[in-house]
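Colleague: The structure that follows is given in the form of structure tokens.
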Amino acid sequence: MGKLTNLKSFPQFSVDFGDNSSSKTITESALFALDSLLYVMNLSLPIQAYPNALIAFSLHHTHPVCYRESNLIILSCDKNKWNQATYQLAHEICHLMISGEVVSELCWLEESICELSSYFFLPKITKYWLRLGRSNNIETTKQNYAPYFESYVIADQEKVEPFDLSLLISDPNASELNSLMNNYDLRKKNAYIAVKLLPIFKKYPKTWRAIPFLSKIPSGLSFSDSLVKWIELSPIEAHTGLQKMAELFGASMPFPS
């Protein structure tokens, strides 16, 4: 384990870069990028209220992961690639903000929403840095780094695998739903769901307030009943966005106001 450094604005989050080889300037810039992500996320999710967590960089891991039970997030990328690091962190912080384990039938929805977290919040870092006049120029090109957060997610969205989301409820054979339930980590389909949810969360950003309650939905419900239950469990300000999400998935039953 390397030296632990606390984020400036969110000191309950400590960072382990894994070694001490980075220059002070590069390390401070990396810390500011992570801090910037938490700042923009905190406007929608209860980041500030989270007690403590460790963010560790490890190239030995093949993929990023969140260990909710131990408040540990591992990022599997170069600490100097701030767009990739914040992309991974936005996804894993979303997992961390869900207050418990999500039932297995809905793990695919959790993964899709956490992918949405990266798509939603990284462009906000770009706007935040531009508003601050923060440049962090890339040494080799002298280009302003700020746009690279937004461009990273735009490029990542090219991986999507389109399918008819309404079939997740309306298909009597539920083939698409069964596919997702049997393998919740279908990245291309997760990304497509995230892309389709993005306009809803942009129009109704308070929908993020429902995310911590995803783990409160009990097992054994149909997908449509799970969505109804999620609305019942969530703060009223999140209801409209959740209702729009349900409509996207093909739900046609009335929902509670």
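Labels for the structure tokens follow display order: chains A, B, ..., residues from 1 in each chain, ligands from 1.
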Sort by chain and increasing residue number a table of all residues of segment 106-210 of chain A within 8 Å of segment 94-100 of chain A, each with its closest pair of atoms and their distance in Å to one decimal, counting only C-alpha atoms, and write it as JSON lines.
Modeller:
```
{"residue": "A:Glu110", "atom": "CA", "partner": "A:His95", "partner_atom": "CA", "distance": 7.6}
{"residue": "A:Ile113", "atom": "CA", "partner": "A:Cys94", "partner_atom": "CA", "distance": 7.9}
{"residue": "A:Cys114", "atom": "CA", "partner": "A:Cys94", "partner_atom": "CA", "distance": 5.4}
{"residue": "A:Ser117", "atom": "CA", "partner": "A:Cys94", "partner_atom": "CA", "distance": 6.6}
```
Colleague: Skipping near chain neighbours, those fewer than 3 positions away, what residues fall within 10 Å of Phe223 of chain A using only C-alpha atoms, listed as a list in words?
Modeller: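 With the cut-off at 10 Å, the set is Glu105, Leu106, Leu168, Ile169, Leu177, Gly220, Ser226, Leu227, Val228, Lys229, Ala246, Phe249 and Ala251 of chain A.
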Colleague: With only C-alpha atoms as the counted atoms, please give the residues lying no more than 8 Å from Leu198 of chain A, apart from itself and same-chain residues fewer than 6 positions off, as a list in words.
Modeller: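 Using only C-alpha atoms, the neighbours found are Leu116, Tyr119 and Phe120 of chain A.
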Colleague: Could you tell me how far atom CA of Thr62 of chain A sits from atom CA of Ser14 of chain A, in Å to one decimal place?
Modeller: 21.8 Å
Colleague: Which of these, A:Phe32, A:Ala238, A:Ala49, A:Pro11, has the shortest distance to Arg134 of chain A once you count only C-alpha atoms?
Modeller: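 Checking each of A:Phe32, A:Ala238, A:Ala49, A:Pro11 against Arg134 of chain A, counting only C-alpha atoms, the winner is A:Phe32.
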Colleague: Rank A:Ser70, A:Gln157, A:Ser118, A:Gln12 by their smallest atom-to-atom distance to Ile47 of chain A, using only C-alpha atoms, and report the top residue only.
Modeller: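 Between A:Ser70, A:Gln157, A:Ser118, A:Gln12, the residue approaching Ile47 of chain A most closely is A:Gln12.
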Colleague: How far is it from atom CA of Phe121 of chain A to atom CA of Trp230 of chain A, in Å with one decimal?
Modeller: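 Taking atom CA of Phe121 of chain A and atom CA of Trp230 of chain A, their separation equals 22.8 Å.
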Colleague: Using only C-alpha atoms, which residues sit within 9 Å of Leu59 of chain A once same-chain residues fewer than 3 positions away are excluded, as a list in words?
Modeller: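 Listing them by chain and then by number gives Thr62, His63, Leu75, Ser76, Cys77 and Asp78 of chain A.
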Colleague: Neighbours of Leu7 of chain A within 12 Å (only C-alpha atoms; same-chain residues fewer than 3 positions away dropped), as a list in words?
Modeller: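 In the requested form, the answer reads Leu4, Phe10, Pro11, Gln12, Phe13, Ser14, Val15, Asp16, Thr27, Glu28, Ser29, Ala30, Leu31, Phe32, Ala33, Leu34, Asp35, Ser36, Leu37, Leu38, Tyr39, Gln48, Asn52, Ala53, Leu54 and Ile55 of chain A.
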Colleague: For Pro46 of chain A, which residue among A:Ile93, A:Asp225, A:Lys196, A:Asn183 is the nearest when counting only C-alpha atoms?
Modeller: A:Ile93
